[in-house]
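**Q** Below is the file model30.txt, with compact mmCIF, C-alpha atoms.
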# COMPACT_ATOMS: atom_id res chain seq x y z
CA MET A 25 7.69 10.81 -13.66
CA GLU A 26 5.48 12.58 -11.14
CA VAL A 27 3.73 10.35 -8.63
CA ILE A 28 0.67 11.30 -6.62
CA VAL A 29 -0.10 9.63 -3.31
CA LEU A 30 -3.80 8.99 -2.70
CA LEU A 31 -5.03 8.50 0.85
CA PRO A 32 -8.77 7.82 1.13
CA LEU A 33 -9.82 8.63 4.68
CA GLY A 34 -11.63 6.17 6.93
CA VAL A 35 -13.59 6.49 10.15
CA ASP A 36 -10.72 5.63 12.54
CA ASP A 37 -9.33 8.90 13.94
CA ASP A 38 -6.35 7.26 15.65
CA ALA A 39 -5.36 5.36 12.50
CA LEU A 40 -5.47 8.61 10.53
CA ASP A 41 -3.26 10.33 13.08
CA ARG A 42 -0.70 7.48 12.90
CA CYS A 43 -0.76 7.43 9.12
CA LEU A 44 -0.23 11.16 8.69
CA ALA A 45 2.60 11.22 11.24
CA ALA A 46 4.29 8.31 9.44
CA LEU A 47 3.88 10.01 6.06
CA ASP A 48 5.64 13.12 7.35
CA GLN A 49 8.56 11.04 8.61
CA THR A 50 8.97 8.72 5.63
CA THR A 51 7.92 10.61 2.48
CA PRO A 52 10.10 13.15 0.62
CA ALA A 53 9.16 16.79 1.23
CA GLY A 54 7.14 18.25 -1.62
CA THR A 55 5.52 14.95 -2.60
CA SER A 56 1.98 15.46 -3.88
CA ILE A 57 -0.59 13.79 -1.65
CA TRP A 58 -4.36 13.89 -1.87
CA LEU A 59 -6.40 13.22 1.25
CA ALA A 60 -9.86 12.35 -0.05
CA ASP A 61 -12.78 12.04 2.34
CA ASP A 62 -15.81 10.12 1.12
CA ALA A 63 -17.93 11.69 3.88
CA GLN A 64 -16.28 9.28 6.34
CA ALA A 65 -14.15 11.37 8.69
CA GLY A 66 -15.80 12.79 11.80
CA PRO A 67 -15.15 16.17 13.44
CA ARG A 68 -12.03 15.00 15.30
CA ALA A 69 -10.52 13.50 12.15
CA GLN A 70 -11.21 16.70 10.25
CA ALA A 71 -9.43 18.63 12.99
CA VAL A 72 -6.47 16.24 12.73
CA VAL A 73 -6.33 16.83 8.98
CA GLU A 74 -6.56 20.62 9.37
CA HIS A 75 -3.71 20.67 11.89
CA TRP A 76 -1.59 18.36 9.73
CA LEU A 77 -2.13 20.41 6.56
CA ALA A 78 -0.88 23.50 8.36
CA GLN A 79 2.49 21.98 9.28
CA THR A 80 3.33 19.22 6.77
CA ALA A 81 6.21 19.57 4.31
CA LEU A 82 4.27 17.51 1.77
CA GLN A 83 2.31 19.14 -1.05
CA ALA A 84 -1.05 18.11 0.35
CA GLU A 85 -4.66 18.72 -0.56
CA TYR A 86 -7.84 17.66 1.22
CA THR A 87 -11.27 17.16 -0.32
CA ARG A 88 -14.50 16.00 1.27
CA ARG A 89 -17.64 14.80 -0.46
CA ALA A 90 -21.03 15.88 0.85
CA ARG A 91 -22.39 12.37 0.28
CA SER A 92 -20.58 9.05 0.22
CA LEU A 93 -19.98 7.36 -3.12
CA GLY A 94 -18.70 4.10 -1.68
CA GLU A 95 -15.16 2.79 -1.44
CA ALA A 96 -14.52 1.61 -5.01
CA ALA A 97 -16.45 4.42 -6.68
CA HIS A 98 -14.65 7.03 -4.60
CA LEU A 99 -11.23 5.63 -5.51
CA ASP A 100 -12.24 5.46 -9.15
CA GLU A 101 -13.11 9.16 -9.01
CA MET A 102 -9.69 9.90 -7.51
CA LEU A 103 -7.83 7.77 -10.06
CA ARG A 104 -9.67 9.34 -12.98
CA ALA A 105 -8.66 12.77 -11.72
CA CYS A 106 -5.04 11.57 -11.90
CA ASP A 107 -5.38 10.18 -15.43
CA GLY A 108 -2.02 9.37 -17.01
CA LEU A 109 -0.06 9.68 -13.76
CA ASP A 110 1.47 6.93 -11.67
CA VAL A 111 -0.49 6.81 -8.43
CA ALA A 112 0.36 5.30 -5.05
CA VAL A 113 -2.77 4.34 -3.12
CA LEU A 114 -2.46 3.87 0.64
CA ALA A 115 -4.93 2.22 2.99
CA PRO A 116 -6.52 4.58 5.55
CA ASP A 117 -4.82 2.69 8.40
CA SER A 118 -1.43 2.31 6.71
CA VAL A 119 1.90 3.05 8.40
CA PRO A 120 4.54 3.71 5.71
CA MET A 121 8.15 2.87 6.57
CA PRO A 122 11.22 4.91 5.52
CA GLY A 123 11.91 4.92 1.78
CA TRP A 124 8.58 3.34 0.86
CA LEU A 125 7.67 5.65 -2.02
CA GLN A 126 11.16 5.99 -3.52
CA GLN A 127 11.55 2.23 -3.63
CA LEU A 128 8.15 1.70 -5.24
CA GLN A 129 9.01 4.29 -7.90
CA ALA A 130 12.36 2.64 -8.53
CA CYS A 131 10.62 -0.72 -8.89
CA LEU A 132 8.39 0.56 -11.69
CA ALA A 133 11.34 2.30 -13.34
CA ARG A 134 13.40 -0.90 -13.48
CA ASP A 135 10.90 -2.81 -15.61
CA ALA A 136 8.43 -1.30 -18.08
CA SER A 137 6.29 -4.46 -17.90
CA ILE A 138 5.35 -3.80 -14.25
CA ALA A 139 1.82 -2.46 -13.82
CA THR A 140 1.66 -2.52 -10.02
CA ALA A 141 4.30 -2.62 -7.30
CA THR A 142 3.22 -3.76 -3.85
CA PRO A 143 5.49 -3.48 -0.78
CA TRP A 144 5.87 -5.95 2.07
CA SER A 145 3.48 -5.48 5.00
CA ASN A 146 2.76 -6.97 8.37
CA ALA A 147 -0.85 -7.41 7.15
CA GLY A 148 -0.47 -7.97 3.43
CA GLU A 149 -1.86 -11.47 2.83
CA ALA A 150 0.45 -12.88 0.10
CA VAL A 151 3.17 -10.36 1.00
CA ALA A 152 2.72 -10.49 4.77
CA TRP A 153 5.92 -10.53 6.83
CA PRO A 154 7.29 -12.27 8.80
CA ARG A 155 4.48 -14.87 8.49
CA VAL A 156 2.52 -15.22 5.26
CA GLY A 157 -1.25 -14.85 5.34
CA GLU A 158 -1.35 -13.47 8.88
CA VAL A 159 -1.90 -10.09 10.50
CA ASN A 160 1.50 -9.75 12.15
CA ALA A 161 2.41 -7.03 14.65
CA LEU A 162 3.83 -3.81 13.25
CA PRO A 163 7.66 -3.85 13.20
CA SER A 164 9.17 -2.76 16.50
CA ASP A 165 12.33 -1.30 14.93
CA PRO A 166 11.57 0.51 11.64
CA LEU A 167 15.17 1.67 11.20
CA ARG A 168 16.55 -1.86 11.52
CA LEU A 169 13.92 -3.07 9.05
CA THR A 170 14.84 -0.29 6.62
CA GLN A 171 18.50 -1.28 6.86
CA ALA A 172 17.60 -4.90 6.14
CA LEU A 173 15.37 -3.94 3.20
CA SER A 174 18.22 -2.00 1.61
CA ALA A 175 20.22 -5.24 1.37
CA MET A 176 17.43 -7.33 -0.17
CA PRO A 177 17.98 -8.80 -3.65
CA LEU A 178 15.67 -7.15 -6.16
CA LEU A 179 13.84 -10.14 -7.60
CA GLN A 180 10.50 -8.40 -8.17
CA PRO A 181 8.54 -11.67 -7.99
CA GLU A 182 5.08 -11.77 -9.53
CA LEU A 183 2.08 -11.76 -7.21
CA PRO A 184 -1.46 -13.08 -7.71
CA SER A 185 -2.56 -9.44 -7.62
CA ALA A 186 -1.71 -6.13 -5.99
CA VAL A 187 -2.69 -5.76 -2.31
CA THR A 188 -4.60 -2.90 -0.71
CA HIS A 189 -2.24 -1.84 2.11
CA ALA A 190 -0.22 0.10 -0.48
CA VAL A 191 0.21 -0.12 -4.22
CA LEU A 192 1.88 1.99 -6.88
CA ILE A 193 -0.07 1.74 -10.15
CA ARG A 194 1.42 2.64 -13.53
CA GLY A 195 -0.82 5.25 -15.13
CA SER A 196 -0.48 3.97 -18.70
CA ALA A 197 -1.38 0.40 -17.68
CA ARG A 198 -4.35 1.60 -15.66
CA ARG A 199 -5.63 3.65 -18.59
CA ARG A 200 -5.30 0.81 -21.10
CA ALA A 201 -7.07 -1.64 -18.77
CA GLY A 202 -9.98 0.78 -18.43
CA GLY A 203 -9.67 1.71 -14.75
CA LEU A 204 -11.80 0.31 -11.95
CA ASP A 205 -15.03 -1.58 -12.57
CA ILE A 206 -17.26 0.23 -10.11
CA HIS A 207 -20.40 -1.26 -11.59
CA SER A 208 -19.40 -4.78 -10.53
CA TYR A 209 -17.54 -4.17 -7.25
CA SER A 210 -18.13 -2.10 -4.14
CA SER A 211 -14.83 -2.65 -2.31
CA TRP A 212 -11.37 -1.36 -3.24
CA TYR A 213 -10.09 -4.86 -2.44
CA ALA A 214 -12.13 -6.53 -5.18
CA ALA A 215 -11.77 -3.68 -7.66
CA LEU A 216 -7.97 -3.77 -7.27
CA VAL A 217 -7.84 -7.55 -7.75
CA ASP A 218 -9.97 -7.21 -10.89
CA LEU A 219 -7.84 -4.36 -12.25
CA SER A 220 -4.65 -6.31 -11.51
CA LEU A 221 -5.93 -9.36 -13.39
CA ARG A 222 -7.08 -7.31 -16.38
CA MET A 223 -3.67 -5.61 -16.59
CA SER A 224 -2.00 -9.00 -16.30
CA GLY A 225 -4.12 -10.26 -19.18
CA LEU A 226 -2.79 -7.39 -21.27
CA GLY A 227 0.81 -8.43 -20.61
CA TRP A 228 1.75 -6.39 -17.55
CA ARG A 229 2.98 -7.77 -14.25
CA ASN A 230 1.89 -7.27 -10.62
CA VAL A 231 4.99 -7.61 -8.48
CA LEU A 232 6.41 -7.38 -4.99
CA CYS A 233 8.70 -4.44 -4.36
CA ASP A 234 11.39 -6.36 -2.43
CA ASN A 235 12.86 -3.40 -0.55
CA ALA A 236 9.79 -1.42 0.56
CA PHE A 237 7.45 -1.91 3.54
CA VAL A 238 4.13 -0.36 4.50
CA GLY A 239 2.49 -1.50 7.72
CA ARG A 240 -1.22 -1.75 8.39
CA GLN A 241 -3.52 -2.37 11.34
CA GLN A 242 -5.63 -5.00 9.54
CA GLU A 243 -6.10 -6.64 6.15
CA GLY A 244 -8.39 -5.28 3.47
CA ARG A 245 -11.93 -6.60 3.23
CA LEU A 246 -14.34 -7.55 0.48
CA ALA A 247 -17.79 -6.01 0.36
CA GLU A 248 -20.82 -8.30 0.36
CA GLY A 249 -21.23 -9.94 -3.03
CA ASP A 250 -17.78 -8.98 -4.34
CA MET A 251 -16.30 -12.46 -3.89
CA ASP A 252 -19.10 -13.98 -5.96
CA VAL A 253 -18.45 -11.53 -8.79
CA LEU A 254 -14.71 -12.20 -8.67
CA ALA A 255 -15.31 -15.95 -8.69
CA ASN A 256 -17.63 -15.72 -11.71
CA ARG A 257 -15.40 -13.41 -13.71
CA TRP A 258 -12.07 -14.98 -12.69
CA PRO A 259 -12.88 -18.63 -11.87
CA ASN A 260 -9.22 -19.49 -11.20
CA TRP A 261 -8.61 -16.57 -8.86
CA THR A 262 -9.60 -18.11 -5.53
CA ALA A 263 -7.61 -21.28 -6.18
CA ARG A 264 -4.61 -19.27 -7.34
CA LEU A 265 -4.55 -17.13 -4.20
CA ALA A 266 -5.09 -20.13 -1.93
CA GLY A 267 -2.30 -22.01 -3.69
CA PHE A 268 0.02 -19.03 -3.35
CA LEU A 269 -0.65 -18.79 0.38
CA MET A 270 -0.22 -22.53 0.94
CA ASP A 271 2.82 -23.06 -1.31
CA ASP A 272 4.37 -19.74 -0.22
CA PRO A 273 6.78 -19.18 -3.14
CA LEU A 274 8.13 -16.13 -1.27
CA ARG A 275 9.16 -18.17 1.78
CA ALA A 276 12.91 -18.04 1.10
CA HIS A 277 12.68 -14.34 0.27
CA ARG A 278 10.72 -13.66 3.46
CA GLU A 279 13.17 -15.64 5.58
CA HIS A 280 16.08 -13.78 4.00
CA LEU A 281 14.56 -10.48 5.12
CA GLN A 282 14.15 -11.93 8.61
CA THR A 283 17.83 -12.93 8.64
CA LEU A 284 18.93 -9.50 7.43
CA CYS A 285 16.89 -7.87 10.19
CA GLY A 286 18.66 -10.01 12.77
CA GLN A 287 22.05 -9.12 11.35
CA ALA A 288 21.44 -5.39 10.87
CA ILE A 289 23.76 -3.22 12.94
CA MET A 290 22.80 0.41 12.89
CA PRO A 291 25.49 3.11 13.25
CA GLN A 292 24.70 5.01 16.44
CA ALA A 293 24.69 8.34 14.62
CA GLN A 294 21.90 7.13 12.33
CA ARG A 295 19.91 5.71 15.22
CA ASP A 296 20.25 8.94 17.22
CA LEU A 297 19.03 10.94 14.23
CA PHE A 298 16.06 8.62 13.69
CA GLU A 299 15.09 8.59 17.35
CA ALA A 300 15.32 12.38 17.48
CA CYS A 301 12.49 12.41 14.96
CA GLY A 302 10.50 9.95 17.06
CA SER A 303 9.68 6.31 16.39
CA LEU A 304 7.03 5.56 13.82
CA PRO A 305 3.50 5.61 15.24
CA GLY A 306 1.94 2.24 15.91
CA ALA A 307 5.21 0.28 16.07
CA GLU A 308 4.89 -2.87 18.12
CA GLN A 309 7.01 -5.84 18.95
CA VAL A 310 7.20 -8.40 16.12
Please express what this file holds, its structure, as structure tokens.

**A**
Amino acid sequence: MEVIVLLPLGVDDDALDRCLAALDQTTPAGTSIWLADDAQAGPRAQAVVEHWLAQTALQAEYTRRARSLGEAAHLDEMLRACDGLDVAVLAPDSVPMPGWLQQLQACLARDASIATATPWSNAGEAVAWPRVGEVNALPSDPLRLTQALSAMPLLQPELPSAVTHAVLIRGSARRRAGGLDIHSYSSWYAALVDLSLRMSGLGWRNVLCDNAFVGRQQEGRLAEGDMDVLANRWPNWTARLAGFLMDDPLRAHREHLQTLCGQAIMPQAQRDLFEACGSLPGAEQV
């Protein structure tokens, strides 16, 4: 089934540049991607987008609102325009790693009960790697990490909710749950948690995609008042997330990925090919 990648733009020009460069290197040519600007990007960012659109192999479109709607409302507008389609939403400062989209699609295809698939991230709270609940450095060797991810067992463990660094949302589940509640929440963070919990209540699952990784510069943030609304509507949510972070049920899975990274031996031909394309922007030492 066709998947559309949604990238809402932020105010950080450098993060946008890194994200677009990473998308070109890690996403199949011809993939549909929508760059949506909620009146956030400045002149330099718009120039970056214009240059990128002229040379990318992705099927890309760019839209810009004259006035800002706000984070959650803007994403709701984008999702409604993609009604019925599976949609991958990336954070504005995300750094996708090789194979990210294909693995997320495969994750949804393996189990019809999955509503959302969330990849590992260096800054992904419950799915943060290598240390849970921390903003870790971006991986220093994306190719080695990709090799390790390819050997991971596909357990597809359930998460408290999807996470905002990157998520693939099943269109049919999103439609049945009613989409985002933009009247109660201002942030994408809170709106995604709420959507995840509503879909879970209808019998779907929010899972980790074991073999995909999308980096990020920082974790997502709640808007003022959003936590109070979440706590009132979902009184067990805060305790559930805190318990997940403290108990860390993914610890063995996380450590297995760490071990595989240490054992990965890349054929020189593959490494030469990867390095010829340039290392992924933003990569740092883990």

**Q** Counting all atoms listed in the file, note down every residue that has an atom within 7 Å of the point (-10.5, 13.9, 3.8) (file coordinates), as a ChimeraX atom specification.

**A** /A:32-33,59-61,65,86-88

**Q** To one decimal place, how far is atom CA of Glu26 of chain A from atom CA of Leu128 of chain A in Å?

**A**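 Between atom CA of Glu26 of chain A and atom CA of Leu128 of chain A the gap is 12.7 Å.
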
**Q** For Ala186 of chain A, work out the shell of residues within 8 Å, counting only C-alpha atoms and skipping chain neighbours fewer than 2 positions away, then give it as a count of residues only.

**A** 12

**Q** Each residue of segment 79-151 of chain A with at least one atom at most 7 Å from segment 241-260 of chain A should appear once, together with its nearest atom pair and the corresponding distance in Å (one decimal); atoms considered: all atoms listed in the file; ordering: chain, then increasing residue number; output as a tab-separated table.

**A**
residue	atom	partner	partner_atom	distance
A:Asp117	CA	A:Gln241	CA	6.0
A:Ser118	CA	A:Gln241	CA	6.9
A:Ala147	CA	A:Glu243	CA	5.4
A:Gly148	CA	A:Glu243	CA	6.4

**Q** Could you jot down the atom CA of Pro163 of chain A to atom CA of Ala130 of chain A separation for me, Å, one decimal place?

**A** 23.2 Å

**Q** Near Glu101 of chain A, within 12 Å and counting only C-alpha atoms, which residues show up once chain neighbours fewer than 4 positions away are dropped, as a VMD selection string?

**A** chain A and resid 30 32 60 to 62 87 89 92 to 97 105 to 107 203 to 206
